[in-house]
Amino acid sequence: MLGVRHHGPGSARGVRAVLDAERPAAVLIEGPAEADALVELAGDPGMRPPVALLAHAVDDPGRAAFWPMAEFSPEWVAIRWALDRGVAVRFVDLPAAHTLAADPTWDDGEEAAGDGARIDPVAELAGAAGYEDAERWWEDVVELRGGGDPAAPFRALAEAMGALREAYGHGGHPRDPVREAYMRLRLREARKEFGDSVAVVCGAWHVPALALRTTVAADRALLKGLPKVRTEATWVPWTHRRLSRRSGYGAGIDAPGWYRHLFTAPDRPVERWMTEVAGLLRAEDRPVSSAHVIEAVRLAESLAALRGRPRPGLDETTDAVRAVLCDGSDVPLALVRDRLVVGNVLGQVPDGAPAVPLQRDLSRRQRSLRLKPEAEERELALDLRKETDGDRSRLLHRLRLLGVPWGEPVAGRTGTGTFRETWRLRWEPELHVRVAEAGVWGTTVEAAATARATARARDATTLADVTVLVEDCLLAGLTGALPVVMRALADRAALDADVVHLAHALPALARSLRYGDVRGTDAAALGEAAAGIAERICVGLPPACAGLAADAAVPLRERIDEVHRALGLLPGATGIRERWAGVLHRIAAHDRVPGLLRGRAARLLLDEGRVPDDGAALLMRRALSPGTPPSDAAAWIDGFAGAAADGGLLLVHDERLRGLVDAWLTSVPAEAFTDVLPLLRRTFSAYEPGVRRTLGELAARGPGAGGPSASVPGAPGFAPVPDRERADAVLPLLHLVLGTEAPA
């Protein structure tokens, strides 16, 4: 009975040493019984840990479970030992068919009568030994332990766990007695076949239960009536990051990268670790010399001696790295923790591993497009004019539509009207489950995405849902789904009379039309639908704005901004844009429209050159007149000069508008000032620090102070008139940048 800690390198070394000494005829592993059919793949040259056994319900792939194994996991070491020597190896834990069919609350840690709450066995033993840190205790007694009898730690752990099981029963794990009954049955079968030459590698917590003398009938009684589902199992790649406890993995460890180093280093682990850290920091352009490495090793060893530890552990090496290699800074130390202490190693499974057809097609596409799944997050820049990059973009968009978010578009770098697209990629092990779930839609990525889009179009309940789906289909190149999606769009657009819904739907259509041009996709059918929706918005928006409450005006301002931007993207929409300008004029001049919307409409007209500067001043005078309630006037300022509209720069450079705001602000009655102050503070505090500082300086100069380019008496650096000769000095550089010729 080799009771281990999952993913413990000390346990792994001990398991290997005991197996070498005892040479059993069979090795039994704690793991789902379905894995017996997959165990031979562990010896395939293409298998590289960390990997995980994945089991999922055939009828509900989202119901799945993983059993991760790293290079330093005792179970993996035992499997490879057995396969390398032709020794039988069996998985003896409760089949996943029962585990996945069980009520999720079966093992939720609820307190059972007489058994107490869920406990952490390692923490209990560490506390009994006087340690506050369970990880440190485990390192001292197991990971950093020297030579001696390799079986001694297993005997000691079995005795300690026996005491804990006597005190705590199943320790808050009500599923364990059932699992252990099944394991005892499998152990009996192995002993009948191989005699006593059997090694069991399982969690140390289970050893006392497996050693119990029970009857076959009693164990079978515990298993009677267990629910069952049809399952499939395979191997999938795993990552060190997902082995970390921070990822939420229940049996996780704090430092997978450090544990891998302890297991693989042939000698002098501290010296080798410091050398790895130095290499990482040098790659980040930090000055680290061999002298730094030598001093860091000495400091780690001195700290271990002062703290009474057998050898430097992770705490000592981390303190030494911080003090010597990072100059006391936690910033480079965070990089060391992320890249080395945890690590981003991604495992690999052979092509022969079982997989759903969709996963096989995805793997083929990844290879043909040279898109290798990686655990490390990276950015991928695509030029959509290139065939390979276009295919990569379509693959990533199709996976997103299927709910497999391997990549996320980078905001601000993916232009709607350019041939450039940037993605942020990271492959997480859970995406294998997402692919299995998506397999119900088809056997290839394109077919599955087409079927999924068609189903979403039929199930869509809002116009916005359909327009977003249209955009997704165009981005993913799903021409087969577009006819169904376009029919759904026509149906929803005809039935939806809510102007807010129409305004929410138009931007996606406008982007789709632009994508149709950029990506070479025929999106002509969308133009008519977009034009019809835009016309209905122009008709319905003014009445929708009238009499609106102030809080309801905030989301409608966002819709107005979106429509304004969308109309700028529509090709050949000059007539619609002219009508939209008329709508904005009506909103800006309508007294029953909330001040926030009137101010926003006025600003959009000013930016488009639809009103002259004195026209904007006239609108502001009306909005800030003494008869306007102060709260409404403050909302008008927020709409006209808020940070979303770059209003701070407008006030900096337009003295008349700034003067109107200043005059209104000084005229607000004292009793109303406290009511408008929160809104004004929200408006002005959102400006960039430089804009706020400039406005403050201009306000301090008093009435009549000009903008940064104006002549201000007593303000150094400003001339009465612009210096054209100095201004023209920039022209040669400007022509060079633009690639144009300067006029003669």
# chains A, B, ... in the order shown; residues from 1 in each chain; ligands from 1
call {"tool": "residues_around", "arguments": {"residues": "Leu2 of chain A", "least_positions_apart": "2", "cutoff": "8 Å", "atoms": "only C-alpha atoms", "output": "list in words"}}
result
Val4, Val15, Phe154, Ala199, Val200, Val201, Cys202, Ala204 and Val207 of chain A
call {"tool": "residues_around", "arguments": {"residues": "Ala160 of chain A", "least_positions_apart": "2", "cutoff": "12 Å", "atoms": "only C-alpha atoms", "output": "list of chain:residue names"}}
result
A:Gly3, A:Pro121, A:Val122, A:Glu124, A:Leu125, A:Ala126, A:Ala128, A:Ala129, A:Pro153, A:Phe154, A:Arg155, A:Ala156, A:Leu157, A:Ala158, A:Gly162, A:Ala163, A:Leu164, A:Arg165, A:Glu166, A:Ala167, A:Ala204, A:Trp205, A:His206, A:Val207, A:Pro208
call {"tool": "closest_atom_pairs", "arguments": {"of": "segment 624-700 of chain A", "to": "segment 579-593 of chain A", "cutoff": "10 Å", "atoms": "only C-alpha atoms", "output": "JSON lines"}}
result
{"residue": "A:Thr628", "atom": "CA", "partner": "A:Asp591", "partner_atom": "CA", "distance": 9.7}
{"residue": "A:Asp632", "atom": "CA", "partner": "A:Val593", "partner_atom": "CA", "distance": 10.0}
{"residue": "A:Trp636", "atom": "CA", "partner": "A:Ala588", "partner_atom": "CA", "distance": 9.9}
call {"tool": "atom_distance", "arguments": {"atom1": "atom CA of Arg370 of chain A", "atom2": "atom CA of Pro49 of chain A"}}
result
22.0 Å
call {"tool": "residues_around", "arguments": {"residues": "Asp465 of chain A", "least_positions_apart": "3", "cutoff": "10 Å", "atoms": "only C-alpha atoms", "output": "PyMOL selection string"}}
result
chain A and resi 456-457+459-462+468-470+489+492+504-505+508
call {"tool": "write_last_selection", "arguments": {"atoms": "N, CA, C and O atoms", "output": "PDB file, in the first residue's frame"}}
result
ATOM      1  N   ARG A 456     -29.299  28.922 -33.520  1.00  0.00           N
ATOM      2  CA  ARG A 456     -29.419  30.193 -32.803  1.00  0.00           C
ATOM      3  C   ARG A 456     -30.351  31.154 -33.525  1.00  0.00           C
ATOM      4  O   ARG A 456     -31.100  31.901 -32.892  1.00  0.00           O
ATOM      5  N   ALA A 457     -30.323  31.148 -34.862  1.00  0.00           N
ATOM      6  CA  ALA A 457     -31.213  32.027 -35.625  1.00  0.00           C
ATOM      7  C   ALA A 457     -32.676  31.654 -35.402  1.00  0.00           C
ATOM      8  O   ALA A 457     -33.545  32.527 -35.250  1.00  0.00           O
ATOM      9  N   ASP A 459     -33.875  30.158 -32.775  1.00  0.00           N
ATOM     10  CA  ASP A 459     -34.257  30.338 -31.377  1.00  0.00           C
ATOM     11  C   ASP A 459     -34.183  31.791 -30.920  1.00  0.00           C
ATOM     12  O   ASP A 459     -34.582  32.095 -29.790  1.00  0.00           O
ATOM     13  N   ALA A 460     -33.644  32.683 -31.757  1.00  0.00           N
ATOM     14  CA  ALA A 460     -33.448  34.079 -31.340  1.00  0.00           C
ATOM     15  C   ALA A 460     -34.783  34.732 -31.025  1.00  0.00           C
ATOM     16  O   ALA A 460     -35.769  34.563 -31.753  1.00  0.00           O
ATOM     17  N   THR A 461     -34.800  35.488 -29.943  1.00  0.00           N
ATOM     18  CA  THR A 461     -36.037  36.154 -29.528  1.00  0.00           C
ATOM     19  C   THR A 461     -35.998  37.665 -29.728  1.00  0.00           C
ATOM     20  O   THR A 461     -37.029  38.315 -29.650  1.00  0.00           O
ATOM     21  N   THR A 462     -34.834  38.238 -29.953  1.00  0.00           N
ATOM     22  CA  THR A 462     -34.719  39.683 -30.140  1.00  0.00           C
ATOM     23  C   THR A 462     -33.996  39.986 -31.446  1.00  0.00           C
ATOM     24  O   THR A 462     -33.213  39.172 -31.956  1.00  0.00           O
ATOM     25  N   VAL A 468     -26.363  40.391 -34.242  1.00  0.00           N
ATOM     26  CA  VAL A 468     -25.060  39.939 -33.767  1.00  0.00           C
ATOM     27  C   VAL A 468     -24.695  38.616 -34.436  1.00  0.00           C
ATOM     28  O   VAL A 468     -23.532  38.386 -34.810  1.00  0.00           O
ATOM     29  N   LEU A 469     -25.673  37.751 -34.615  1.00  0.00           N
ATOM     30  CA  LEU A 469     -25.426  36.464 -35.260  1.00  0.00           C
ATOM     31  C   LEU A 469     -25.030  36.654 -36.723  1.00  0.00           C
ATOM     32  O   LEU A 469     -24.176  35.929 -37.245  1.00  0.00           O
ATOM     33  N   VAL A 470     -25.654  37.626 -37.389  1.00  0.00           N
ATOM     34  CA  VAL A 470     -25.264  37.926 -38.775  1.00  0.00           C
ATOM     35  C   VAL A 470     -23.788  38.302 -38.831  1.00  0.00           C
ATOM     36  O   VAL A 470     -23.024  37.817 -39.682  1.00  0.00           O
ATOM     37  N   LEU A 489     -33.608  37.510 -39.622  1.00  0.00           N
ATOM     38  CA  LEU A 489     -33.425  38.959 -39.494  1.00  0.00           C
ATOM     39  C   LEU A 489     -34.619  39.711 -40.064  1.00  0.00           C
ATOM     40  O   LEU A 489     -35.134  40.654 -39.448  1.00  0.00           O
ATOM     41  N   ARG A 492     -37.663  39.286 -37.630  1.00  0.00           N
ATOM     42  CA  ARG A 492     -37.568  40.054 -36.380  1.00  0.00           C
ATOM     43  C   ARG A 492     -37.656  41.554 -36.646  1.00  0.00           C
ATOM     44  O   ARG A 492     -38.269  42.297 -35.880  1.00  0.00           O
ATOM     45  N   HIS A 504     -30.131  49.268 -31.036  1.00  0.00           N
ATOM     46  CA  HIS A 504     -29.153  48.302 -30.534  1.00  0.00           C
ATOM     47  C   HIS A 504     -28.736  47.331 -31.634  1.00  0.00           C
ATOM     48  O   HIS A 504     -27.620  46.803 -31.616  1.00  0.00           O
ATOM     49  N   ALA A 505     -29.613  47.106 -32.611  1.00  0.00           N
ATOM     50  CA  ALA A 505     -29.335  46.121 -33.656  1.00  0.00           C
ATOM     51  C   ALA A 505     -28.538  46.705 -34.817  1.00  0.00           C
ATOM     52  O   ALA A 505     -27.774  45.990 -35.466  1.00  0.00           O
ATOM     53  N   ALA A 508     -24.352  46.284 -35.355  1.00  0.00           N
ATOM     54  CA  ALA A 508     -23.840  44.994 -35.817  1.00  0.00           C
ATOM     55  C   ALA A 508     -24.049  44.828 -37.316  1.00  0.00           C
ATOM     56  O   ALA A 508     -23.189  44.291 -38.025  1.00  0.00           O
TER      57      ALA A 508
END
call {"tool": "residues_around", "arguments": {"residues": "Arg80 of chain A", "least_positions_apart": "6", "cutoff": "12 Å", "atoms": "only C-alpha atoms", "output": "PyMOL selection string"}}
result
chain A and resi 12+15-16+19+27+29+39-45+47-49+69-74+86-89
call {"tool": "closest_residue", "arguments": {"among": "A:Val297, A:Ala634, A:Leu506, A:Leu556", "to": "Glu535 of chain A", "atoms": "only C-alpha atoms"}}
result
A:Leu506
call {"tool": "decode", "arguments": {"residues": "segment 470-505 of chain A", "atoms": "N, CA and C atoms", "output": "compact mmCIF listing (two decimals), in the first residue's frame"}}
result
# COMPACT_ATOMS: atom_id res chain seq x y z
N VAL A 470 -25.65 37.63 -37.39
CA VAL A 470 -25.26 37.93 -38.78
C VAL A 470 -23.79 38.30 -38.83
N GLU A 471 -23.37 39.16 -37.90
CA GLU A 471 -21.98 39.57 -37.86
C GLU A 471 -21.07 38.37 -37.60
N ASP A 472 -21.46 37.52 -36.66
CA ASP A 472 -20.66 36.33 -36.35
C ASP A 472 -20.52 35.42 -37.58
N CYS A 473 -21.61 35.26 -38.32
CA CYS A 473 -21.56 34.38 -39.49
C CYS A 473 -20.63 34.94 -40.57
N LEU A 474 -20.66 36.26 -40.76
CA LEU A 474 -19.79 36.85 -41.76
C LEU A 474 -18.33 36.75 -41.34
N LEU A 475 -18.06 37.00 -40.07
CA LEU A 475 -16.69 36.88 -39.59
C LEU A 475 -16.18 35.45 -39.72
N ALA A 476 -17.07 34.49 -39.48
CA ALA A 476 -16.68 33.08 -39.52
C ALA A 476 -16.77 32.48 -40.92
N GLY A 477 -17.25 33.26 -41.89
CA GLY A 477 -17.35 32.75 -43.25
C GLY A 477 -18.36 31.62 -43.39
N LEU A 478 -19.47 31.69 -42.66
CA LEU A 478 -20.47 30.62 -42.67
C LEU A 478 -21.56 30.95 -43.69
N THR A 479 -21.22 30.86 -44.97
CA THR A 479 -22.20 31.19 -46.01
C THR A 479 -23.38 30.24 -45.99
N GLY A 480 -23.16 29.02 -45.52
CA GLY A 480 -24.26 28.06 -45.47
C GLY A 480 -25.34 28.42 -44.47
N ALA A 481 -24.99 29.19 -43.45
CA ALA A 481 -25.97 29.57 -42.43
C ALA A 481 -26.67 30.88 -42.75
N LEU A 482 -26.10 31.70 -43.65
CA LEU A 482 -26.63 33.04 -43.87
C LEU A 482 -28.08 33.07 -44.38
N PRO A 483 -28.50 32.17 -45.29
CA PRO A 483 -29.91 32.25 -45.72
C PRO A 483 -30.90 32.14 -44.56
N VAL A 484 -30.68 31.19 -43.66
CA VAL A 484 -31.58 31.04 -42.52
C VAL A 484 -31.48 32.25 -41.60
N VAL A 485 -30.27 32.73 -41.37
CA VAL A 485 -30.07 33.88 -40.49
C VAL A 485 -30.73 35.12 -41.08
N MET A 486 -30.61 35.31 -42.41
CA MET A 486 -31.20 36.49 -43.04
C MET A 486 -32.73 36.43 -42.98
N ARG A 487 -33.31 35.26 -43.13
CA ARG A 487 -34.77 35.16 -42.99
C ARG A 487 -35.20 35.52 -41.58
N ALA A 488 -34.44 35.04 -40.59
CA ALA A 488 -34.75 35.40 -39.20
C ALA A 488 -34.61 36.90 -38.98
N LEU A 489 -33.61 37.51 -39.62
CA LEU A 489 -33.42 38.96 -39.49
C LEU A 489 -34.62 39.71 -40.06
N ALA A 490 -35.07 39.30 -41.24
CA ALA A 490 -36.22 39.97 -41.85
C ALA A 490 -37.46 39.82 -40.98
N ASP A 491 -37.67 38.63 -40.42
CA ASP A 491 -38.85 38.41 -39.58
C ASP A 491 -38.81 39.26 -38.32
N ARG A 492 -37.66 39.29 -37.63
CA ARG A 492 -37.57 40.05 -36.38
C ARG A 492 -37.66 41.55 -36.65
N ALA A 493 -37.03 42.02 -37.73
CA ALA A 493 -37.06 43.45 -38.03
C ALA A 493 -38.47 43.92 -38.35
N ALA A 494 -39.25 43.07 -39.00
CA ALA A 494 -40.62 43.45 -39.34
C ALA A 494 -41.51 43.53 -38.12
N LEU A 495 -41.22 42.72 -37.11
CA LEU A 495 -42.09 42.64 -35.94
C LEU A 495 -41.69 43.57 -34.81
N ASP A 496 -40.43 44.00 -34.78
CA ASP A 496 -39.92 44.78 -33.65
C ASP A 496 -40.10 46.27 -33.93
N ALA A 497 -40.92 46.94 -33.12
CA ALA A 497 -41.17 48.37 -33.29
C ALA A 497 -40.48 49.20 -32.23
N ASP A 498 -39.79 48.59 -31.31
CA ASP A 498 -39.11 49.32 -30.23
C ASP A 498 -37.86 49.99 -30.79
N VAL A 499 -37.81 51.32 -30.72
CA VAL A 499 -36.70 52.04 -31.32
C VAL A 499 -35.38 51.73 -30.62
N VAL A 500 -35.43 51.43 -29.31
CA VAL A 500 -34.21 51.07 -28.59
C VAL A 500 -33.66 49.76 -29.12
N HIS A 501 -34.54 48.79 -29.37
CA HIS A 501 -34.10 47.52 -29.93
C HIS A 501 -33.50 47.72 -31.33
N LEU A 502 -34.16 48.57 -32.13
CA LEU A 502 -33.64 48.84 -33.47
C LEU A 502 -32.28 49.50 -33.40
N ALA A 503 -32.14 50.46 -32.48
CA ALA A 503 -30.86 51.16 -32.34
C ALA A 503 -29.77 50.23 -31.85
N HIS A 504 -30.13 49.27 -31.04
CA HIS A 504 -29.15 48.30 -30.53
C HIS A 504 -28.74 47.33 -31.63
N ALA A 505 -29.61 47.11 -32.61
CA ALA A 505 -29.34 46.12 -33.66
C ALA A 505 -28.54 46.70 -34.82
